[in-house]
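Source file: my_file-v5.pdb; contents: PDB, C-alpha atoms, pLDDT in the B column.
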```pdb
ATOM      1  CA  MET A   1     -25.132 -24.962  -4.557  1.00 28.00           C
ATOM      2  CA  ALA A   2     -22.167 -22.671  -4.015  1.00 33.00           C
ATOM      3  CA  ARG A   3     -23.005 -19.131  -2.969  1.00 36.00           C
ATOM      4  CA  HIS A   4     -21.852 -16.182  -0.952  1.00 42.00           C
ATOM      5  CA  GLY A   5     -22.739 -16.718   2.655  1.00 50.00           C
ATOM      6  CA  PRO A   6     -21.894 -18.997   5.540  1.00 53.00           C
ATOM      7  CA  ALA A   7     -18.882 -21.188   4.917  1.00 51.00           C
ATOM      8  CA  ILE A   8     -21.033 -24.189   5.854  1.00 48.00           C
ATOM      9  CA  PHE A   9     -24.540 -24.294   4.379  1.00 42.00           C
ATOM     10  CA  GLU A  10     -26.904 -27.198   5.057  1.00 45.00           C
ATOM     11  CA  GLY A  11     -23.972 -29.285   6.235  1.00 47.00           C
ATOM     12  CA  GLN A  12     -21.918 -28.718   3.080  1.00 51.00           C
ATOM     13  CA  PRO A  13     -19.198 -26.208   2.163  1.00 51.00           C
ATOM     14  CA  ALA A  14     -20.886 -23.174   0.612  1.00 51.00           C
ATOM     15  CA  VAL A  15     -17.962 -22.663  -1.770  1.00 52.00           C
ATOM     16  CA  ASP A  16     -16.805 -25.606  -3.836  1.00 55.00           C
ATOM     17  CA  ALA A  17     -13.176 -26.154  -4.834  1.00 55.00           C
ATOM     18  CA  VAL A  18     -13.539 -24.355  -8.172  1.00 50.00           C
ATOM     19  CA  LEU A  19     -15.068 -21.217  -6.692  1.00 58.00           C
ATOM     20  CA  LYS A  20     -12.652 -21.222  -3.784  1.00 62.00           C
ATOM     21  CA  GLN A  21      -9.783 -21.170  -6.255  1.00 63.00           C
ATOM     22  CA  ALA A  22     -11.310 -18.036  -7.811  1.00 71.00           C
ATOM     23  CA  TRP A  23     -12.378 -16.374  -4.559  1.00 80.00           C
ATOM     24  CA  TYR A  24      -9.460 -17.256  -2.302  1.00 90.00           C
ATOM     25  CA  THR A  25      -5.901 -16.024  -2.771  1.00 91.00           C
ATOM     26  CA  ASP A  26      -3.118 -18.288  -1.528  1.00 90.00           C
ATOM     27  CA  ASN A  27       0.572 -17.535  -1.017  1.00 91.00           C
ATOM     28  CA  ILE A  28       0.154 -13.946   0.127  1.00 95.00           C
ATOM     29  CA  ASP A  29       3.486 -12.252   0.778  1.00 95.00           C
ATOM     30  CA  SER A  30       2.449  -8.587   0.729  1.00 96.00           C
ATOM     31  CA  ILE A  31      -0.477  -6.262   1.374  1.00 97.00           C
ATOM     32  CA  PRO A  32      -1.150  -2.706   0.138  1.00 96.00           C
ATOM     33  CA  ASP A  33       1.100  -0.023   1.596  1.00 96.00           C
ATOM     34  CA  GLY A  34      -1.830   1.743   3.246  1.00 95.00           C
ATOM     35  CA  ALA A  35      -2.825  -1.373   5.159  1.00 97.00           C
ATOM     36  CA  ARG A  36       0.752  -2.106   6.182  1.00 97.00           C
ATOM     37  CA  HIS A  37       1.276   1.459   7.376  1.00 97.00           C
ATOM     38  CA  LEU A  38      -1.934   1.356   9.417  1.00 97.00           C
ATOM     39  CA  LEU A  39      -1.037  -1.926  11.092  1.00 98.00           C
ATOM     40  CA  GLU A  40       2.494  -0.792  11.883  1.00 98.00           C
ATOM     41  CA  GLN A  41       1.664   2.736  13.040  1.00 97.00           C
ATOM     42  CA  TYR A  42      -1.839   2.413  14.492  1.00 97.00           C
ATOM     43  CA  SER A  43      -1.782  -1.194  15.695  1.00 97.00           C
ATOM     44  CA  LYS A  44       1.943  -1.187  16.572  1.00 97.00           C
ATOM     45  CA  SER A  45       2.489  -4.501  14.793  1.00 97.00           C
ATOM     46  CA  GLU A  46       6.059  -5.461  14.025  1.00 97.00           C
ATOM     47  CA  PRO A  47       6.812  -5.294  10.269  1.00 97.00           C
ATOM     48  CA  GLU A  48       7.588  -8.991   9.964  1.00 97.00           C
ATOM     49  CA  GLU A  49       4.332 -10.059  11.619  1.00 97.00           C
ATOM     50  CA  VAL A  50       1.956  -7.850   9.618  1.00 98.00           C
ATOM     51  CA  VAL A  51       1.265 -10.151   6.661  1.00 98.00           C
ATOM     52  CA  PRO A  52       0.979 -13.394   8.692  1.00 98.00           C
ATOM     53  CA  HIS A  53      -1.357 -11.647  11.140  1.00 98.00           C
ATOM     54  CA  VAL A  54      -3.631 -10.304   8.389  1.00 98.00           C
ATOM     55  CA  VAL A  55      -3.728 -13.672   6.631  1.00 97.00           C
ATOM     56  CA  LYS A  56      -4.608 -15.406   9.897  1.00 97.00           C
ATOM     57  CA  MET A  57      -7.560 -13.058  10.462  1.00 97.00           C
ATOM     58  CA  ARG A  58      -8.614 -13.460   6.811  1.00 96.00           C
ATOM     59  CA  ASN A  59      -8.632 -17.226   7.160  1.00 95.00           C
ATOM     60  CA  LYS A  60     -10.772 -17.069  10.291  1.00 96.00           C
ATOM     61  CA  ALA A  61     -13.262 -14.777   8.569  1.00 95.00           C
ATOM     62  CA  PHE A  62     -13.446 -16.908   5.423  1.00 92.00           C
ATOM     63  CA  GLU A  63     -14.324 -19.917   7.551  1.00 90.00           C
ATOM     64  CA  ILE A  64     -17.351 -17.982   8.820  1.00 90.00           C
ATOM     65  CA  TRP A  65     -18.560 -16.318   5.610  1.00 87.00           C
ATOM     66  CA  SER A  66     -17.047 -17.241   2.266  1.00 85.00           C
ATOM     67  CA  TYR A  67     -17.074 -13.809   0.656  1.00 86.00           C
ATOM     68  CA  ALA A  68     -14.777 -13.252  -2.308  1.00 87.00           C
ATOM     69  CA  CYS A  69     -13.818  -9.841  -0.908  1.00 89.00           C
ATOM     70  CA  ILE A  70     -12.401 -11.631   2.124  1.00 93.00           C
ATOM     71  CA  GLY A  71     -10.818 -14.540   0.305  1.00 93.00           C
ATOM     72  CA  GLN A  72      -9.162 -12.191  -2.184  1.00 93.00           C
ATOM     73  CA  MET A  73      -7.964  -9.806   0.556  1.00 95.00           C
ATOM     74  CA  ARG A  74      -9.873  -6.875  -0.920  1.00 93.00           C
ATOM     75  CA  PHE A  75     -10.603  -5.646   2.600  1.00 94.00           C
ATOM     76  CA  SER A  76      -6.938  -4.609   2.811  1.00 96.00           C
ATOM     77  CA  THR A  77      -7.533  -1.845   0.254  1.00 94.00           C
ATOM     78  CA  TYR A  78      -9.084   1.105   2.050  1.00 93.00           C
ATOM     79  CA  ASN A  79     -11.547   2.441  -0.495  1.00 91.00           C
ATOM     80  CA  LEU A  80     -12.746   5.560   1.301  1.00 93.00           C
ATOM     81  CA  SER A  81      -9.282   7.121   1.271  1.00 94.00           C
ATOM     82  CA  LEU A  82      -9.067   6.584  -2.509  1.00 92.00           C
ATOM     83  CA  LEU A  83     -12.144   8.667  -3.279  1.00 92.00           C
ATOM     84  CA  PRO A  84     -11.525  12.140  -4.759  1.00 93.00           C
ATOM     85  CA  PHE A  85     -13.598  13.792  -2.023  1.00 93.00           C
ATOM     86  CA  TYR A  86     -11.861  12.031   0.884  1.00 95.00           C
ATOM     87  CA  SER A  87     -10.351  15.302   2.083  1.00 95.00           C
ATOM     88  CA  ARG A  88     -13.859  16.775   2.358  1.00 94.00           C
ATOM     89  CA  VAL A  89     -15.006  13.763   4.376  1.00 93.00           C
ATOM     90  CA  LEU A  90     -12.051  14.204   6.722  1.00 95.00           C
ATOM     91  CA  GLU A  91     -12.772  17.898   7.138  1.00 94.00           C
ATOM     92  CA  ARG A  92     -16.427  17.302   7.948  1.00 93.00           C
ATOM     93  CA  VAL A  93     -15.873  14.479  10.410  1.00 93.00           C
ATOM     94  CA  ARG A  94     -13.029  16.293  12.144  1.00 94.00           C
ATOM     95  CA  SER A  95     -15.482  19.176  12.535  1.00 93.00           C
ATOM     96  CA  GLY A  96     -18.086  17.025  14.253  1.00 93.00           C
ATOM     97  CA  ALA A  97     -20.004  15.116  11.566  1.00 92.00           C
ATOM     98  CA  ILE A  98     -20.983  11.520  12.358  1.00 92.00           C
ATOM     99  CA  LEU A  99     -19.945   8.838   9.852  1.00 93.00           C
ATOM    100  CA  LEU A 100     -21.412   5.367   9.391  1.00 90.00           C
ATOM    101  CA  ASP A 101     -19.611   2.580   7.525  1.00 92.00           C
ATOM    102  CA  ALA A 102     -22.406   0.278   6.332  1.00 88.00           C
ATOM    103  CA  GLY A 103     -21.148  -3.271   5.938  1.00 89.00           C
ATOM    104  CA  CYS A 104     -17.949  -2.434   7.800  1.00 93.00           C
ATOM    105  CA  CYS A 105     -16.484  -5.966   7.876  1.00 94.00           C
ATOM    106  CA  PHE A 106     -13.429  -5.639  10.169  1.00 97.00           C
ATOM    107  CA  GLY A 107     -13.911  -1.889  10.563  1.00 97.00           C
ATOM    108  CA  GLN A 108     -10.801  -1.175   8.521  1.00 97.00           C
ATOM    109  CA  GLU A 109     -12.116   2.080   7.049  1.00 97.00           C
ATOM    110  CA  ILE A 110     -12.930   3.316  10.543  1.00 98.00           C
ATOM    111  CA  ARG A 111      -9.419   2.573  11.788  1.00 98.00           C
ATOM    112  CA  TYR A 112      -7.974   4.401   8.795  1.00 97.00           C
ATOM    113  CA  LEU A 113     -10.042   7.461   9.677  1.00 97.00           C
ATOM    114  CA  VAL A 114      -8.862   7.300  13.281  1.00 97.00           C
ATOM    115  CA  GLN A 115      -5.247   7.161  12.108  1.00 97.00           C
ATOM    116  CA  ASP A 116      -5.997  10.250  10.004  1.00 96.00           C
ATOM    117  CA  GLY A 117      -7.037  12.195  13.079  1.00 95.00           C
ATOM    118  CA  VAL A 118     -10.783  11.571  13.310  1.00 96.00           C
ATOM    119  CA  PRO A 119     -12.109  11.082  16.863  1.00 96.00           C
ATOM    120  CA  SER A 120     -13.311   7.489  17.024  1.00 97.00           C
ATOM    121  CA  THR A 121     -16.364   8.536  19.045  1.00 96.00           C
ATOM    122  CA  GLN A 122     -17.792  10.036  15.835  1.00 95.00           C
ATOM    123  CA  LEU A 123     -17.504   6.803  13.868  1.00 97.00           C
ATOM    124  CA  TYR A 124     -20.059   4.007  13.589  1.00 95.00           C
ATOM    125  CA  GLY A 125     -20.021   0.703  11.753  1.00 94.00           C
ATOM    126  CA  PHE A 126     -22.439  -2.147  11.288  1.00 91.00           C
ATOM    127  CA  ASP A 127     -22.159  -5.581   9.759  1.00 92.00           C
ATOM    128  CA  LEU A 128     -24.426  -8.576   9.399  1.00 89.00           C
ATOM    129  CA  GLU A 129     -21.817 -10.848  10.988  1.00 92.00           C
ATOM    130  CA  PRO A 130     -20.861  -9.908  14.576  1.00 94.00           C
ATOM    131  CA  GLU A 131     -17.780 -12.109  14.468  1.00 96.00           C
ATOM    132  CA  PHE A 132     -16.249  -9.828  11.832  1.00 96.00           C
ATOM    133  CA  ILE A 133     -16.403  -6.997  14.356  1.00 97.00           C
ATOM    134  CA  HIS A 134     -14.651  -9.139  16.966  1.00 97.00           C
ATOM    135  CA  LEU A 135     -12.024 -10.150  14.406  1.00 98.00           C
ATOM    136  CA  GLY A 136     -11.520  -6.455  13.669  1.00 98.00           C
ATOM    137  CA  TYR A 137     -10.504  -5.847  17.266  1.00 98.00           C
ATOM    138  CA  GLN A 138      -8.034  -8.720  16.956  1.00 98.00           C
ATOM    139  CA  LEU A 139      -6.734  -7.520  13.602  1.00 98.00           C
ATOM    140  CA  PHE A 140      -6.083  -3.971  14.800  1.00 98.00           C
ATOM    141  CA  ARG A 141      -5.333  -4.808  18.443  1.00 98.00           C
ATOM    142  CA  ASP A 142      -7.351  -1.883  19.730  1.00 98.00           C
ATOM    143  CA  ARG A 143     -10.264  -3.256  21.736  1.00 97.00           C
ATOM    144  CA  ASP A 144      -9.105  -1.284  24.780  1.00 96.00           C
ATOM    145  CA  ARG A 145      -8.739   2.061  23.008  1.00 96.00           C
ATOM    146  CA  VAL A 146     -10.942   2.514  19.946  1.00 97.00           C
ATOM    147  CA  GLN A 147     -14.229   4.179  20.907  1.00 97.00           C
ATOM    148  CA  ALA A 148     -16.106   3.746  17.653  1.00 97.00           C
ATOM    149  CA  THR A 149     -19.557   2.193  17.937  1.00 96.00           C
ATOM    150  CA  PHE A 150     -19.965  -1.153  16.182  1.00 96.00           C
ATOM    151  CA  VAL A 151     -23.291  -2.955  15.918  1.00 93.00           C
ATOM    152  CA  SER A 152     -24.393  -6.088  14.123  1.00 91.00           C
ATOM    153  CA  GLY A 153     -27.669  -7.077  12.543  1.00 87.00           C
ATOM    154  CA  ASP A 154     -29.735  -7.271   9.386  1.00 84.00           C
ATOM    155  CA  ILE A 155     -30.624  -3.864   7.992  1.00 77.00           C
ATOM    156  CA  LEU A 156     -33.647  -5.327   6.176  1.00 76.00           C
ATOM    157  CA  ALA A 157     -35.086  -6.802   9.367  1.00 77.00           C
ATOM    158  CA  GLU A 158     -37.984  -5.109  11.110  1.00 78.00           C
ATOM    159  CA  PRO A 159     -36.755  -2.651  13.760  1.00 76.00           C
ATOM    160  CA  THR A 160     -38.576  -4.614  16.457  1.00 80.00           C
ATOM    161  CA  ALA A 161     -36.975  -7.925  15.455  1.00 82.00           C
ATOM    162  CA  PRO A 162     -33.934  -9.018  17.483  1.00 82.00           C
ATOM    163  CA  GLU A 163     -31.695  -8.887  14.408  1.00 80.00           C
ATOM    164  CA  GLY A 164     -32.852  -5.362  13.547  1.00 78.00           C
ATOM    165  CA  GLN A 165     -32.894  -3.567  16.881  1.00 81.00           C
ATOM    166  CA  GLU A 166     -29.269  -2.434  17.095  1.00 85.00           C
ATOM    167  CA  ILE A 167     -29.254  -0.975  13.587  1.00 80.00           C
ATOM    168  CA  ALA A 168     -32.631   0.673  14.154  1.00 77.00           C
ATOM    169  CA  GLY A 169     -31.047   2.489  17.077  1.00 80.00           C
ATOM    170  CA  LEU A 170     -28.820   4.395  14.633  1.00 80.00           C
ATOM    171  CA  GLN A 171     -31.707   5.776  12.590  1.00 79.00           C
ATOM    172  CA  GLY A 172     -31.521   9.476  11.841  1.00 78.00           C
ATOM    173  CA  GLN A 173     -28.171  10.044  13.561  1.00 83.00           C
ATOM    174  CA  MET A 174     -25.686   9.892  10.686  1.00 85.00           C
ATOM    175  CA  ASN A 175     -24.320  12.770   8.603  1.00 88.00           C
ATOM    176  CA  ILE A 176     -22.152  10.704   6.233  1.00 88.00           C
ATOM    177  CA  ILE A 177     -22.787   7.105   5.156  1.00 86.00           C
ATOM    178  CA  PHE A 178     -20.147   5.024   3.385  1.00 89.00           C
ATOM    179  CA  ALA A 179     -21.322   1.770   1.789  1.00 83.00           C
ATOM    180  CA  SER A 180     -18.783   0.636  -0.803  1.00 79.00           C
ATOM    181  CA  SER A 181     -18.701  -2.980   0.393  1.00 70.00           C
ATOM    182  CA  PHE A 182     -22.395  -3.344   0.966  1.00 65.00           C
ATOM    183  CA  LEU A 183     -24.813  -2.571  -1.845  1.00 57.00           C
ATOM    184  CA  TYR A 184     -23.402  -5.173  -4.232  1.00 54.00           C
ATOM    185  CA  SER A 185     -23.908  -8.014  -1.775  1.00 51.00           C
ATOM    186  CA  ASP A 186     -27.499  -8.973  -2.594  1.00 53.00           C
ATOM    187  CA  ASN A 187     -30.175  -8.671  -5.243  1.00 52.00           C
ATOM    188  CA  LYS A 188     -32.134  -5.955  -3.415  1.00 57.00           C
ATOM    189  CA  PRO A 189     -30.044  -2.798  -3.899  1.00 51.00           C
ATOM    190  CA  ILE A 190     -33.010  -0.404  -3.698  1.00 48.00           C
ATOM    191  CA  ASP A 191     -34.230  -1.972  -0.452  1.00 57.00           C
ATOM    192  CA  TYR A 192     -30.747  -1.700   0.994  1.00 56.00           C
ATOM    193  CA  PHE A 193     -30.339   1.873  -0.196  1.00 57.00           C
ATOM    194  CA  VAL A 194     -33.625   2.935   1.371  1.00 58.00           C
ATOM    195  CA  ARG A 195     -32.785   1.342   4.704  1.00 62.00           C
ATOM    196  CA  ILE A 196     -29.260   2.758   4.715  1.00 61.00           C
ATOM    197  CA  SER A 197     -30.562   6.217   3.861  1.00 62.00           C
ATOM    198  CA  GLU A 198     -32.900   6.057   6.848  1.00 65.00           C
ATOM    199  CA  GLN A 199     -29.819   6.247   9.058  1.00 61.00           C
ATOM    200  CA  HIS A 200     -29.038   9.711   7.678  1.00 59.00           C
ATOM    201  CA  SER A 201     -29.967  12.761   9.725  1.00 59.00           C
ATOM    202  CA  ALA A 202     -31.757  14.283   6.710  1.00 56.00           C
ATOM    203  CA  ALA A 203     -33.432  11.012   5.741  1.00 47.00           C
ATOM    204  CA  LYS A 204     -37.049  12.160   5.701  1.00 43.00           C
ATOM    205  CA  ALA A 205     -36.513  14.887   3.132  1.00 38.00           C
ATOM    206  CA  LYS A 206     -34.072  12.935   0.985  1.00 42.00           C
ATOM    207  CA  LEU A 207     -36.150   9.764   0.827  1.00 34.00           C
ATOM    208  CA  GLU A 208     -39.421  11.371  -0.250  1.00 34.00           C
ATOM    209  CA  SER A 209     -38.432  11.415  -3.931  1.00 32.00           C
ATOM    210  CA  LEU A 210     -36.681   8.045  -3.718  1.00 31.00           C
ATOM    211  CA  TYR A 211     -39.846   6.258  -2.661  1.00 33.00           C
ATOM    212  CA  THR A 212     -41.690   7.683  -5.668  1.00 32.00           C
ATOM    213  CA  LEU A 213     -39.096   6.082  -7.959  1.00 32.00           C
ATOM    214  CA  THR A 214     -39.485   2.618  -6.466  1.00 30.00           C
TER     215      THR A 214
END
```

Go through the file and emit its structure as structure tokens.
Amino acid sequence: MARHGPAIFEGQPAVDAVLKQAWYTDNIDSIPDGARHLLEQYSKSEPEEVVPHVVKMRNKAFEIWSYACIGQMRFSTYNLSLLPFYSRVLERVRSGAILLDAGCCFGQEIRYLVQDGVPSTQLYGFDLEPEFIHLGYQLFRDRDRVQATFVSGDILAEPTAPEGQEIAGLQGQMNIIFASSFLYSDNKPIDYFVRISEQHSAAKAKLESLYTLT
């Protein structure tokens, strides 16, 4: 059965030809201006190599996890910067707040923040798939200079489980949590929201009423 998830599932492609046609965009000759600007200015990529480089990284990622947001290149639209309160986020993080991108994929939102003057030491990202984080370093060509903290694991795993330990280490440290590419990805949005909220520095007070609703 086709589904989001690993590109190979039980020995078979997880996305059949029909779904791949819907989830995967071929013949890409351009990317959003914001992504192009970031790759040219931050990553120092030559203009003519930007699109082929992004497509190459997209193809590698889609072979690992067949997400529509990867196949359709939606990761090249930086959603945080489009929000009406983005300027407030910038002001807070530049002033010392700690930001977490939950479900960071390649860490594209984090790189955008760095390009906008945010110290990368104040930025954190986590993703279920560690290879996406490695591909992010390749995409942005910054492994030797970005100082953001990236961790991988399953946020619903027990903190003592191997797949939950790195994320558990972030608990209670975050001031701002961004999760635009995360909560839609499963059928347990409340569970995800509770676990994400636990990473916030004010989690105990904020979650008291949430638990009564669930």

Given the PyMOL selection byres ((chain A and resi 26-36) around 8), the residues it picks as a VMD selection string: chain A and resid 24 to 25 37 to 40 47 50 to 51 55 76 to 78

Pick from A:Cys69, A:Leu128, A:Leu113, A:Leu82, whichever lies nearest to Glu166 (chain A) using only C-alpha atoms: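 Smallest separation from Glu166 (chain A) among the options: A:Leu128.
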
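Comparing the minimum interatomic distances between Ala168 (chain A) and each of A:Phe75, A:Trp65, A:Phe126, A:Phe106, counting all atoms listed in the file, we find that A:Phe126 sits nearest.
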
Nearest residue to Asp127 (chain A) from the set A:Glu163, A:Glu46, A:Asp154, A:Asp144 (distances using only C-alpha atoms):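 Counting only C-alpha atoms, the residue closest to Asp127 (chain A) is A:Asp154.
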
Counting all atoms listed in the file, the residue of A:Asp101, A:Glu109, A:Glu91, A:Glu63 that sits nearest Phe140 (chain A): A:Glu109

For CA of Ile98 (chain A) and CA of Asp142 (chain A), the interatomic separation in Å (one decimal):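 One can read the CA of Ile98 (chain A) to CA of Asp142 (chain A) distance as 20.5 Å.
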
For CA of Ala179 (chain A) and CA of Ile155 (chain A), the interatomic separation in Å (one decimal):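 Separating CA of Ala179 (chain A) from CA of Ile155 (chain A) is a distance of 12.5 Å.
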
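Every residue that the PyMOL selection byres ((chain A and resi 111) around 9) selects in this file is listed here: Leu38, Tyr42, Gly107, Gln108, Glu109, Ile110, Tyr112, Leu113, Val114, Gln115, Asp116, Ser120, Phe140, Val146 and Ala148 of chain A.
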
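The nearest approach to His53 (chain A) among the residues A:Leu135, A:Ala102, A:Ala68, A:Ile176, with only C-alpha atoms taken into account, belongs to A:Leu135.
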
Output of the PyMOL selection byres ((chain A and resi 150) around 7), listed as number ranges by chain: A: 124-126, 148-149, 151-152

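You will find CA of Leu99 (chain A) at 9.9 Å from CA of Thr121 (chain A).
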
Nearest candidate to Val118 (chain A) (options A:Arg92, A:Glu131, A:Tyr137, A:Gln72; using all atoms listed in the file):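 For Val118 (chain A), the nearest of the candidates is A:Arg92.
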
With 8 Å on each side, where is the centre of the axis-aligned box around all listed atoms of region 161-170 of chain A, and how long are its edges in Å to one decimal, as AutoDock Vina command-line options?
```
--center_x -32.9 --center_y -2.3 --center_z 15.5 --size_x 24.2 --size_y 29.4 --size_z 19.9
```

How would region 82-100 of chain A look with N, CA, C and O atoms restored, written as a compact mmCIF listing (two decimals), keeping the file's coordinate frame?
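To be explicit, this is the file written out as part-v2.txt:
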```txt
# COMPACT_ATOMS: atom_id res chain seq x y z
N LEU A 82 -9.39 6.47 -1.09
CA LEU A 82 -9.07 6.58 -2.51
C LEU A 82 -10.04 7.48 -3.26
O LEU A 82 -9.80 7.83 -4.42
N LEU A 83 -11.14 7.85 -2.61
CA LEU A 83 -12.14 8.67 -3.28
C LEU A 83 -11.66 10.11 -3.43
O LEU A 83 -10.97 10.63 -2.54
N PRO A 84 -12.03 10.78 -4.53
CA PRO A 84 -11.52 12.14 -4.76
C PRO A 84 -12.00 13.16 -3.73
O PRO A 84 -11.38 14.21 -3.57
N PHE A 85 -13.09 12.86 -3.02
CA PHE A 85 -13.60 13.79 -2.02
C PHE A 85 -13.24 13.37 -0.59
O PHE A 85 -13.84 13.84 0.37
N TYR A 86 -12.24 12.49 -0.46
CA TYR A 86 -11.86 12.03 0.88
C TYR A 86 -11.46 13.19 1.79
O TYR A 86 -11.80 13.20 2.99
N SER A 87 -10.77 14.17 1.25
CA SER A 87 -10.35 15.30 2.08
C SER A 87 -11.55 16.05 2.64
O SER A 87 -11.52 16.55 3.78
N ARG A 88 -12.64 16.12 1.87
CA ARG A 88 -13.86 16.77 2.36
C ARG A 88 -14.50 15.96 3.47
O ARG A 88 -15.02 16.51 4.45
N VAL A 89 -14.48 14.63 3.32
CA VAL A 89 -15.01 13.76 4.38
C VAL A 89 -14.22 13.98 5.66
O VAL A 89 -14.79 14.15 6.75
N LEU A 90 -12.89 13.98 5.54
CA LEU A 90 -12.05 14.20 6.72
C LEU A 90 -12.38 15.54 7.39
O LEU A 90 -12.52 15.61 8.62
N GLU A 91 -12.49 16.57 6.59
CA GLU A 91 -12.77 17.90 7.14
C GLU A 91 -14.09 17.91 7.89
O GLU A 91 -14.19 18.46 9.00
N ARG A 92 -15.11 17.29 7.31
CA ARG A 92 -16.43 17.30 7.95
C ARG A 92 -16.43 16.50 9.25
O ARG A 92 -16.99 16.94 10.26
N VAL A 93 -15.83 15.32 9.22
CA VAL A 93 -15.87 14.48 10.41
C VAL A 93 -14.99 15.06 11.51
O VAL A 93 -15.34 15.01 12.69
N ARG A 94 -13.86 15.63 11.14
CA ARG A 94 -13.03 16.29 12.14
C ARG A 94 -13.75 17.47 12.78
O ARG A 94 -13.45 17.86 13.91
N SER A 95 -14.72 18.03 12.04
CA SER A 95 -15.48 19.18 12.54
C SER A 95 -16.75 18.77 13.28
O SER A 95 -17.54 19.63 13.66
N GLY A 96 -16.97 17.47 13.44
CA GLY A 96 -18.09 17.02 14.25
C GLY A 96 -19.13 16.17 13.57
O GLY A 96 -20.06 15.69 14.23
N ALA A 97 -19.03 15.96 12.25
CA ALA A 97 -20.00 15.12 11.57
C ALA A 97 -19.86 13.67 12.03
O ALA A 97 -18.78 13.23 12.42
N ILE A 98 -20.96 12.92 11.96
CA ILE A 98 -20.98 11.52 12.36
C ILE A 98 -20.99 10.66 11.10
O ILE A 98 -21.80 10.86 10.20
N LEU A 99 -20.08 9.69 11.04
CA LEU A 99 -19.94 8.84 9.85
C LEU A 99 -20.30 7.40 10.19
O LEU A 99 -19.89 6.86 11.22
N LEU A 100 -21.05 6.78 9.28
CA LEU A 100 -21.41 5.37 9.39
C LEU A 100 -20.80 4.60 8.23
O LEU A 100 -20.96 4.97 7.07
```
